[in-house]
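Trainee: A single structure is presented below for examination.
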Amino acid sequence: MTAAPAPVETPDTGTVTPHPATVTPVADLATDRAHIARLYREHLSSGRSVLGTVLGGMLETASDGAWVFTEDGRRYLDFGGYGVFILGHRHPHVTAAVHRQVDTHPLAGRVFLEPVAALAAEALAARTPPGLDHVHFVNSGAEATEAGLKLARAHGHTALVSTIGGYHGKTLGALTATANPKYQQPFQPLLPDSTAVPYADTAALEATLAELGRRACVIVEPVQGEGGVRIPPPGYLAEVSRLCRTYGAFLIVDEIQTGLGRLGSWWGMDADADADADAESGLPPQPDVLLVGKGLSGGVVPVAAMVATAAAYGPFSRDPYLHTSTFAASPIACAAALAAVEALDREGVVPRAKALGERLLAGVRSACAPYTGGLVREVRGRGLLIGLEFTEEQAVGELILELVGRGVLVNHSLNATRVLRLTPPAIVGEEEVRLFLTALAEALRVVATHIG
C-alpha cells in the first residue's frame with residue numbers, strides 16, 4: 001500500500017496535502033505495465049491502450065541513437081518514428097544545446113527580442129531553396145500548415161486545392177487539406193471552397209486552376225509519405241509551380257516529412273534538380289511557402305516552421321501579432337532546431353541518407369522478391385523514405401507484429417492501409433542494416449505462410 005503523502009509547506013498558503021492519486025512513485029510506474037495501460041484507458045485513449053496491449057504492452061522508457069528501450073531492458077531498432085528521427089534519438093549535439101537552454105532560458109517572456117530564434121531562423125533560411133528566407137516557427141507540422149493556409153488567405157487565396165492521398169495534419173484547416181474521408185467525416189463541415197485533385201495529375205490540376213484562377217491555394221508534397229510513399233514522375237513539382245504562376249495561384253510545398261535530408265537531399269523539391277527543372281522556363285519549383293517539421297526537432301524538442309518568400313510573408317512581417325502562439329519560437333525549441341540544422345550540415349547527414357537509402361531499398365527489394373506479384377505488390381522509395389505495398393491490408397498489421405517480435409519498429413501509412421513505411425535514421429550502420437534485413441526476411445516468410 002502506498003503511504004500517505006507528506007504535507008508540503010508553501011510560503012503563501014501554509015500546509016497543503018497533495019491528492020493521493022498524484023503520488024505514485026515514478027520508479028514504480030516505469031515497470032508497471034498494467035497500471036500504465038489503465039491510465040491510458042482512463043485518461044488518454046482506450047483505443048491506444050488496446051493497441052499497446054496488442055503490440056505486447058511494453059513501456060517505452062528510454063532511447064539512444066537508432067534504438068528504443070522498454071522497461072524490461074529490451075531494445076528495438078527504430079526504423080519508424082514517423083520521420084522524426086533522421087538524426088536518431090538523443091543526438092549529442094542537439095541534446096547538449098537543449099540542456100544549455102534549459103539551464104539558462106527555456107521559455108521567453110515575449111517582450112524583448114530573443115536571440116536563439118533569430119539564429120535558428122538564419123540557419124534554416126541558409127538551407128532553404130532560394131527566396132525562402134522568412135521563418136515563422138511553430139510547435140508542430142499541423143500548425144505550420146495552418147500558418148501557411150492563413151498566410152495564403154491574407155493574400156486573397158481562399159480556395160484550397162490539395163491532392164488525394166496527401167497528408168498535412170489534423171487540425172481543422174490542415175484536415176481540410178488532408179483529403180481522407182475517414183478523418184474528415186466526423187468533423188464536417190470543414191473549410192469551404194476546397195478541392196482535391198489526383199496526385200501527380202497535372203492535367204487535373206490545370207483544369208481546377210483554370211476555374212479558380214488566383215483564388216487558388218495549392219498545397220502538395222514532393223513525395224506522399226502517409227499516402228504510401230507515392231513518388232511522382234520527374235518534373236511534377238516544377239510543372240505544378242509553373243501552373244500556379246500561370247494562373248496566379250499561391251503554392252505551398254509541404255516538406256514536413258520529406259525535408260531536411262529524409263529523401264537524400266536537403267529538400268524533396270531539389271532531390272532531382274535536373275529532372276524537376278521547369279522545361280519551359282528553365283526554373284525549378286518556386287513555392288510561396290515551404291513547410292518544415294519532424295527532423296527540425298533533432299528528435300529532441302517538437303518544433304516546426306513555415307518558411308516563406310518576402311512577398312508572401314508580408315502580412316505576417318508587418319504585423320507580428322496577426323498570427324501568434326504562446327509557445328511558438330520558444331528558446332528551447334529553437335535551440336533544438338538550430339542544433340539539428342548544424343548537425344545535419346556538419347556531419348554530412350544528407351549525402352549519407354542518400355547512400356544509406358539506396359542500400360536499404362536494394363536490400364528490401366531483395367527480401368521482398370520471393371513474394372513480388374503475390375503478397376507484395378511493390379517496393380518504392382527515395383532516400384530514407386521507403387514503402388512496402390502489399391496486396392492485402394492484413395499483411396501490414398501482421399508484418400508490424402512480426403517485426404516487433406524480432407526487435408524492429410516500423411510504421412503503417414495513415415492514408416494507405418496496404419503500405420508499410422520505413423523512415424530509419426541516417427545514423428544506422430551496416431550491422432543495424434543487416435539486422436533489419438534479416439528480421440524483415442524472416443517476418444515476410446511467416447506472414448506469407450499465414451496469408452498466402
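Numbering starts fresh at 1 for the residues of each chain in the C-alpha cells, the chains themselves are lettered A, B, ... in the order given, and ligands are numbered from 1 as they appear.
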Write out as a PDB file with N, CA and C atoms, in the first residue's frame which residues come within 12 Å of Gly52 of chain A when counting only C-alpha atoms, dropping same-chain ones fewer than 5 positions away.

Mentor:
```
ATOM      1  N   ARG A  33       3.247  -2.294 -16.160  1.00  0.00           N
ATOM      2  CA  ARG A  33       2.526  -2.216 -17.437  1.00  0.00           C
ATOM      3  C   ARG A  33       1.019  -2.088 -17.242  1.00  0.00           C
ATOM      4  N   ALA A  34       0.477  -2.858 -16.307  1.00  0.00           N
ATOM      5  CA  ALA A  34      -0.975  -2.842 -16.098  1.00  0.00           C
ATOM      6  C   ALA A  34      -1.436  -1.470 -15.631  1.00  0.00           C
ATOM      7  N   ILE A  36       0.005   1.483 -16.222  1.00  0.00           N
ATOM      8  CA  ILE A  36       0.080   2.446 -17.327  1.00  0.00           C
ATOM      9  C   ILE A  36      -1.051   2.207 -18.323  1.00  0.00           C
ATOM     10  N   ALA A  37      -1.351   0.943 -18.618  1.00  0.00           N
ATOM     11  CA  ALA A  37      -2.462   0.644 -19.528  1.00  0.00           C
ATOM     12  C   ALA A  37      -3.779   1.176 -18.961  1.00  0.00           C
ATOM     13  N   ARG A  38      -3.950   1.049 -17.647  1.00  0.00           N
ATOM     14  CA  ARG A  38      -5.173   1.576 -17.018  1.00  0.00           C
ATOM     15  C   ARG A  38      -5.233   3.086 -17.117  1.00  0.00           C
ATOM     16  N   TYR A  40      -3.907   4.933 -19.427  1.00  0.00           N
ATOM     17  CA  TYR A  40      -4.269   5.240 -20.810  1.00  0.00           C
ATOM     18  C   TYR A  40      -5.772   5.123 -21.005  1.00  0.00           C
ATOM     19  N   ARG A  41      -6.351   4.028 -20.518  1.00  0.00           N
ATOM     20  CA  ARG A  41      -7.798   3.830 -20.682  1.00  0.00           C
ATOM     21  C   ARG A  41      -8.589   4.937 -20.005  1.00  0.00           C
ATOM     22  N   SER A  45      -6.510   7.391 -23.927  1.00  0.00           N
ATOM     23  CA  SER A  45      -7.225   6.807 -25.060  1.00  0.00           C
ATOM     24  C   SER A  45      -7.396   5.321 -24.834  1.00  0.00           C
ATOM     25  N   SER A  46      -8.640   4.879 -24.786  1.00  0.00           N
ATOM     26  CA  SER A  46      -8.884   3.444 -24.627  1.00  0.00           C
ATOM     27  C   SER A  46      -8.401   2.680 -25.850  1.00  0.00           C
ATOM     28  N   GLY A  47      -8.574   3.284 -27.033  1.00  0.00           N
ATOM     29  CA  GLY A  47      -8.106   2.636 -28.252  1.00  0.00           C
ATOM     30  C   GLY A  47      -6.594   2.483 -28.266  1.00  0.00           C
ATOM     31  N   GLY A  57       2.289  -4.686 -24.941  1.00  0.00           N
ATOM     32  CA  GLY A  57       2.134  -3.984 -23.674  1.00  0.00           C
ATOM     33  C   GLY A  57       3.400  -3.365 -23.121  1.00  0.00           C
ATOM     34  N   MET A  58       4.490  -3.369 -23.919  1.00  0.00           N
ATOM     35  CA  MET A  58       5.748  -2.819 -23.421  1.00  0.00           C
ATOM     36  C   MET A  58       5.643  -1.318 -23.172  1.00  0.00           C
ATOM     37  N   LEU A  59       6.471  -0.838 -22.252  1.00  0.00           N
ATOM     38  CA  LEU A  59       6.521   0.585 -21.944  1.00  0.00           C
ATOM     39  C   LEU A  59       7.809   1.166 -22.512  1.00  0.00           C
ATOM     40  N   GLU A  60       7.678   2.166 -23.348  1.00  0.00           N
ATOM     41  CA  GLU A  60       8.834   2.825 -23.965  1.00  0.00           C
ATOM     42  C   GLU A  60       9.423   3.811 -22.957  1.00  0.00           C
ATOM     43  N   LEU A 401       3.679  -6.697 -36.365  1.00  0.00           N
ATOM     44  CA  LEU A 401       3.776  -7.530 -35.161  1.00  0.00           C
ATOM     45  C   LEU A 401       4.972  -8.473 -35.229  1.00  0.00           C
ATOM     46  N   VAL A 404       8.123  -6.391 -34.622  1.00  0.00           N
ATOM     47  CA  VAL A 404       8.253  -6.050 -33.205  1.00  0.00           C
ATOM     48  C   VAL A 404       8.793  -7.245 -32.433  1.00  0.00           C
TER      49      VAL A 404
END
```

Trainee: Give me, as a VMD selection string, all polymer residues having an atom no more than 12 Å from Ser265 of chain A, counting only C-alpha atoms and skipping those fewer than 6 positions away in the same chain.

Mentor: chain A and resid 127 to 129 222 255 258 to 259 271 to 273 344 to 345 348 to 355 357 382 to 385

Trainee: Find the residues near Ala308 of chain A: any atom within 9 Å, counting only C-alpha atoms, skip ones fewer than 4 places away on the same chain, and give them as a PyMOL selection string.

Mentor: chain A and resi 131-136+148+287-291+312-313

Trainee: Kindly indicate which residue among A:Phe390, A:Trp266, A:Trp67, A:Phe187 lies nearest to Gly80 of chain A, using only C-alpha atoms for the distances.

Mentor: A:Trp67

Trainee: Where does segment 323-411 of chain A meet segment 436-447 of chain A within 12 Å, residue by residue, with the nearest atom pair and distance in Å to one decimal for each, counting only C-alpha atoms, listed by chain and rising number, as a Markdown table?

Mentor:
```
| residue | atom | partner | partner_atom | distance |
| --- | --- | --- | --- | --- |
| A:Arg359 | CA | A:Leu437 | CA | 10.7 |
| A:Leu360 | CA | A:Leu437 | CA | 8.2 |
| A:Leu361 | CA | A:Leu437 | CA | 10.3 |
| A:Ala362 | CA | A:Leu437 | CA | 10.3 |
| A:Gly363 | CA | A:Leu437 | CA | 6.6 |
| A:Val364 | CA | A:Leu437 | CA | 6.7 |
| A:Arg365 | CA | A:Leu437 | CA | 10.0 |
| A:Ser366 | CA | A:Ala441 | CA | 9.0 |
| A:Ala367 | CA | A:Ala441 | CA | 5.3 |
| A:Cys368 | CA | A:Ala441 | CA | 7.4 |
| A:Ala369 | CA | A:Ala441 | CA | 10.0 |
| A:Pro370 | CA | A:Arg445 | CA | 9.3 |
| A:Tyr371 | CA | A:Leu444 | CA | 8.4 |
| A:Thr372 | CA | A:Leu444 | CA | 11.2 |
| A:Gly374 | CA | A:Leu444 | CA | 12.0 |
| A:Leu375 | CA | A:Val447 | CA | 8.9 |
| A:Val376 | CA | A:Leu444 | CA | 9.5 |
| A:Leu388 | CA | A:Leu440 | CA | 11.1 |
| A:Phe390 | CA | A:Leu444 | CA | 11.0 |
| A:Glu392 | CA | A:Val447 | CA | 10.9 |
| A:Glu393 | CA | A:Val447 | CA | 11.9 |
| A:Gln394 | CA | A:Val447 | CA | 9.4 |
| A:Ala395 | CA | A:Val447 | CA | 6.6 |
| A:Val396 | CA | A:Val447 | CA | 9.2 |
| A:Gly397 | CA | A:Val447 | CA | 9.7 |
| A:Glu398 | CA | A:Val447 | CA | 6.4 |
| A:Leu399 | CA | A:Ala443 | CA | 6.1 |
| A:Ile400 | CA | A:Ala443 | CA | 8.6 |
| A:Leu401 | CA | A:Ala443 | CA | 8.8 |
| A:Glu402 | CA | A:Ala443 | CA | 5.3 |
| A:Leu403 | CA | A:Ala443 | CA | 6.1 |
| A:Val404 | CA | A:Ala439 | CA | 9.4 |
| A:Gly405 | CA | A:Ala443 | CA | 9.0 |
| A:Arg406 | CA | A:Ala439 | CA | 6.1 |
| A:Gly407 | CA | A:Ala439 | CA | 8.1 |
| A:Val408 | CA | A:Phe436 | CA | 6.9 |
| A:Leu409 | CA | A:Phe436 | CA | 9.6 |
| A:Val410 | CA | A:Phe436 | CA | 10.4 |
```

Trainee: Give me a file of those residues, with N, CA and C atoms, as a JSON list (two decimals), in the first residue's frame.

Mentor:
```json
[["chain", "number", "residue", "atom", "x", "y", "z"],
["A", 359, "ARG", "N", 21.13, 1.66, -50.33],
["A", 359, "ARG", "CA", 21.50, 0.34, -49.79],
["A", 359, "ARG", "C", 20.27, -0.36, -49.21],
["A", 360, "LEU", "N", 19.46, 0.36, -48.45],
["A", 360, "LEU", "CA", 18.28, -0.24, -47.84],
["A", 360, "LEU", "C", 17.23, -0.62, -48.88],
["A", 361, "LEU", "N", 17.01, 0.26, -49.85],
["A", 361, "LEU", "CA", 15.99, -0.02, -50.86],
["A", 361, "LEU", "C", 16.34, -1.29, -51.63],
["A", 362, "ALA", "N", 17.62, -1.44, -51.98],
["A", 362, "ALA", "CA", 18.04, -2.65, -52.67],
["A", 362, "ALA", "C", 17.85, -3.88, -51.79],
["A", 363, "GLY", "N", 18.18, -3.75, -50.50],
["A", 363, "GLY", "CA", 18.02, -4.88, -49.58],
["A", 363, "GLY", "C", 16.58, -5.26, -49.36],
["A", 364, "VAL", "N", 15.71, -4.26, -49.23],
["A", 364, "VAL", "CA", 14.29, -4.52, -49.03],
["A", 364, "VAL", "C", 13.70, -5.18, -50.27],
["A", 365, "ARG", "N", 14.07, -4.70, -51.44],
["A", 365, "ARG", "CA", 13.56, -5.30, -52.67],
["A", 365, "ARG", "C", 14.02, -6.75, -52.79],
["A", 366, "SER", "N", 15.24, -7.02, -52.39],
["A", 366, "SER", "CA", 15.74, -8.39, -52.43],
["A", 366, "SER", "C", 14.96, -9.28, -51.47],
["A", 367, "ALA", "N", 14.69, -8.78, -50.25],
["A", 367, "ALA", "CA", 13.93, -9.56, -49.28],
["A", 367, "ALA", "C", 12.51, -9.82, -49.75],
["A", 368, "CYS", "N", 11.95, -8.87, -50.47],
["A", 368, "CYS", "CA", 10.56, -8.98, -50.93],
["A", 368, "CYS", "C", 10.43, -9.74, -52.25],
["A", 369, "ALA", "N", 11.54, -9.94, -52.95],
["A", 369, "ALA", "CA", 11.50, -10.53, -54.28],
["A", 369, "ALA", "C", 10.74, -11.85, -54.35],
["A", 370, "PRO", "N", 10.89, -12.77, -53.39],
["A", 370, "PRO", "CA", 10.15, -14.04, -53.48],
["A", 370, "PRO", "C", 8.64, -13.89, -53.41],
["A", 371, "TYR", "N", 8.17, -12.74, -52.97],
["A", 371, "TYR", "CA", 6.73, -12.54, -52.77],
["A", 371, "TYR", "C", 6.14, -11.49, -53.71],
["A", 372, "THR", "N", 6.99, -10.92, -54.57],
["A", 372, "THR", "CA", 6.52, -9.90, -55.50],
["A", 372, "THR", "C", 5.61, -10.54, -56.55],
["A", 374, "GLY", "N", 2.74, -11.56, -55.65],
["A", 374, "GLY", "CA", 1.79, -12.27, -54.81],
["A", 374, "GLY", "C", 1.45, -11.43, -53.60],
["A", 375, "LEU", "N", 2.12, -11.70, -52.49],
["A", 375, "LEU", "CA", 1.88, -10.93, -51.26],
["A", 375, "LEU", "C", 2.30, -9.48, -51.41],
["A", 376, "VAL", "N", 3.44, -9.23, -52.06],
["A", 376, "VAL", "CA", 3.99, -7.89, -52.21],
["A", 376, "VAL", "C", 3.65, -7.34, -53.58],
["A", 388, "LEU", "N", 6.53, -0.39, -48.52],
["A", 388, "LEU", "CA", 6.26, -1.74, -49.00],
["A", 388, "LEU", "C", 4.75, -1.87, -49.15],
["A", 390, "PHE", "N", 1.45, -3.98, -50.06],
["A", 390, "PHE", "CA", 1.01, -5.36, -50.07],
["A", 390, "PHE", "C", -0.34, -5.48, -50.78],
["A", 392, "GLU", "N", -2.73, -7.33, -49.59],
["A", 392, "GLU", "CA", -3.74, -7.47, -48.55],
["A", 392, "GLU", "C", -3.41, -6.53, -47.39],
["A", 393, "GLU", "N", -4.42, -5.80, -46.92],
["A", 393, "GLU", "CA", -4.23, -4.89, -45.79],
["A", 393, "GLU", "C", -3.79, -5.64, -44.54],
["A", 394, "GLN", "N", -4.27, -6.85, -44.38],
["A", 394, "GLN", "CA", -3.93, -7.67, -43.21],
["A", 394, "GLN", "C", -2.42, -7.86, -43.09],
["A", 395, "ALA", "N", -1.72, -7.92, -44.22],
["A", 395, "ALA", "CA", -0.28, -8.19, -44.21],
["A", 395, "ALA", "C", 0.49, -7.12, -43.46],
["A", 396, "VAL", "N", 0.04, -5.86, -43.54],
["A", 396, "VAL", "CA", 0.76, -4.77, -42.88],
["A", 396, "VAL", "C", 0.75, -4.96, -41.37],
["A", 397, "GLY", "N", -0.43, -5.19, -40.80],
["A", 397, "GLY", "CA", -0.53, -5.39, -39.36],
["A", 397, "GLY", "C", 0.26, -6.60, -38.90],
["A", 398, "GLU", "N", 0.16, -7.70, -39.63],
["A", 398, "GLU", "CA", 0.89, -8.90, -39.23],
["A", 398, "GLU", "C", 2.40, -8.69, -39.32],
["A", 399, "LEU", "N", 2.85, -7.99, -40.36],
["A", 399, "LEU", "CA", 4.28, -7.77, -40.51],
["A", 399, "LEU", "C", 4.81, -6.87, -39.41],
["A", 400, "ILE", "N", 4.04, -5.85, -39.04],
["A", 400, "ILE", "CA", 4.45, -4.98, -37.93],
["A", 400, "ILE", "C", 4.64, -5.80, -36.66],
["A", 401, "LEU", "N", 3.68, -6.70, -36.36],
["A", 401, "LEU", "CA", 3.78, -7.53, -35.16],
["A", 401, "LEU", "C", 4.97, -8.47, -35.23],
["A", 402, "GLU", "N", 5.20, -9.06, -36.39],
["A", 402, "GLU", "CA", 6.34, -9.97, -36.54],
["A", 402, "GLU", "C", 7.66, -9.23, -36.36],
["A", 403, "LEU", "N", 7.74, -8.01, -36.89],
["A", 403, "LEU", "CA", 8.97, -7.24, -36.74],
["A", 403, "LEU", "C", 9.19, -6.80, -35.30],
["A", 404, "VAL", "N", 8.12, -6.39, -34.62],
["A", 404, "VAL", "CA", 8.25, -6.05, -33.21],
["A", 404, "VAL", "C", 8.79, -7.24, -32.43],
["A", 405, "GLY", "N", 8.30, -8.43, -32.73],
["A", 405, "GLY", "CA", 8.78, -9.64, -32.07],
["A", 405, "GLY", "C", 10.24, -9.94, -32.34],
["A", 406, "ARG", "N", 10.77, -9.34, -33.41],
["A", 406, "ARG", "CA", 12.18, -9.52, -33.75],
["A", 406, "ARG", "C", 13.02, -8.28, -33.43],
["A", 407, "GLY", "N", 12.42, -7.36, -32.65],
["A", 407, "GLY", "CA", 13.17, -6.21, -32.18],
["A", 407, "GLY", "C", 13.30, -5.07, -33.16],
["A", 408, "VAL", "N", 12.30, -4.89, -34.04],
["A", 408, "VAL", "CA", 12.34, -3.82, -35.03],
["A", 408, "VAL", "C", 11.01, -3.06, -35.01],
["A", 409, "LEU", "N", 11.08, -1.74, -35.03],
["A", 409, "LEU", "CA", 9.89, -0.89, -35.07],
["A", 409, "LEU", "C", 9.75, -0.24, -36.45],
["A", 410, "VAL", "N", 8.54, -0.30, -37.00],
["A", 410, "VAL", "CA", 8.23, 0.33, -38.29],
["A", 410, "VAL", "C", 6.86, 1.00, -38.16]]
```

Trainee: Could you produce a table of the residues of segment 186-215 of chain A lying within 7 Å of segment 234-254 of chain A, with the nearest pair of atoms per residue and their separation in Å rounded to one decimal, using only C-alpha atoms, ordered by chain and increasing residue number, as a tab-separated table?

Mentor:
```
residue	atom	partner	partner_atom	distance
A:Ala200	CA	A:Tyr236	CA	6.4
A:Thr202	CA	A:Val240	CA	6.7
A:Glu206	CA	A:Leu243	CA	6.6
A:Leu209	CA	A:Tyr247	CA	6.4
A:Ala210	CA	A:Tyr247	CA	6.8
A:Gly213	CA	A:Tyr247	CA	5.2
A:Arg214	CA	A:Gly248	CA	4.4
A:Arg215	CA	A:Ala249	CA	6.5
```

Trainee: Write out the residues from the selection above, keeping all heavy atoms, as a short mmCIF file (atom, residue, chain, number, x, y, z; two decimals), in the first residue's frame.

Mentor:
```cif
data_model
loop_
_atom_site.label_atom_id
_atom_site.label_comp_id
_atom_site.auth_asym_id
_atom_site.auth_seq_id
_atom_site.Cartn_x
_atom_site.Cartn_y
_atom_site.Cartn_z
N ALA A 200 -0.07 13.86 -58.73
CA ALA A 200 0.77 13.67 -59.92
C ALA A 200 0.00 13.82 -61.22
O ALA A 200 0.50 13.45 -62.28
CB ALA A 200 1.49 12.32 -59.88
N THR A 202 -1.16 16.55 -63.44
CA THR A 202 -1.09 18.00 -63.70
C THR A 202 -2.23 18.47 -64.59
O THR A 202 -2.62 19.64 -64.53
CB THR A 202 0.26 18.37 -64.33
OG1 THR A 202 0.51 17.55 -65.48
CG2 THR A 202 1.39 18.17 -63.33
N GLU A 206 -4.51 21.59 -63.64
CA GLU A 206 -4.69 22.75 -64.52
C GLU A 206 -6.16 23.05 -64.74
O GLU A 206 -6.57 24.22 -64.77
CB GLU A 206 -3.99 22.53 -65.85
CG GLU A 206 -4.14 23.74 -66.78
CD GLU A 206 -3.19 23.73 -67.95
OE1 GLU A 206 -2.70 22.63 -68.32
OE2 GLU A 206 -2.93 24.82 -68.50
N LEU A 209 -7.33 24.87 -61.67
CA LEU A 209 -6.79 26.22 -61.58
C LEU A 209 -7.40 27.13 -62.63
O LEU A 209 -7.58 28.34 -62.38
CB LEU A 209 -5.26 26.19 -61.72
CG LEU A 209 -4.50 25.51 -60.58
CD1 LEU A 209 -3.00 25.60 -60.83
CD2 LEU A 209 -4.84 26.14 -59.23
N ALA A 210 -7.71 26.59 -63.78
CA ALA A 210 -8.35 27.40 -64.82
C ALA A 210 -9.70 27.92 -64.35
O ALA A 210 -10.13 29.02 -64.71
CB ALA A 210 -8.50 26.58 -66.10
N GLY A 213 -8.60 30.27 -60.79
CA GLY A 213 -7.74 31.44 -61.01
C GLY A 213 -6.92 31.77 -59.78
O GLY A 213 -6.49 30.89 -59.03
N ARG A 214 -6.74 33.06 -59.52
CA ARG A 214 -5.86 33.49 -58.43
C ARG A 214 -6.46 33.28 -57.04
O ARG A 214 -5.80 33.50 -56.04
CB ARG A 214 -5.44 34.94 -58.62
CG ARG A 214 -6.49 35.98 -58.29
CD ARG A 214 -5.87 37.37 -58.16
NE ARG A 214 -4.72 37.40 -57.30
CZ ARG A 214 -4.77 37.49 -55.96
NH1 ARG A 214 -5.94 37.51 -55.35
NH2 ARG A 214 -3.67 37.54 -55.25
N ARG A 215 -7.69 32.83 -56.97
CA ARG A 215 -8.25 32.49 -55.65
C ARG A 215 -7.60 31.24 -55.07
O ARG A 215 -7.69 30.97 -53.88
CB ARG A 215 -9.76 32.26 -55.75
CG ARG A 215 -10.57 33.49 -56.02
CD ARG A 215 -12.04 33.26 -55.71
NE ARG A 215 -12.61 32.11 -56.41
CZ ARG A 215 -13.07 31.03 -55.80
NH1 ARG A 215 -13.03 30.91 -54.49
NH2 ARG A 215 -13.58 30.04 -56.52
#
```
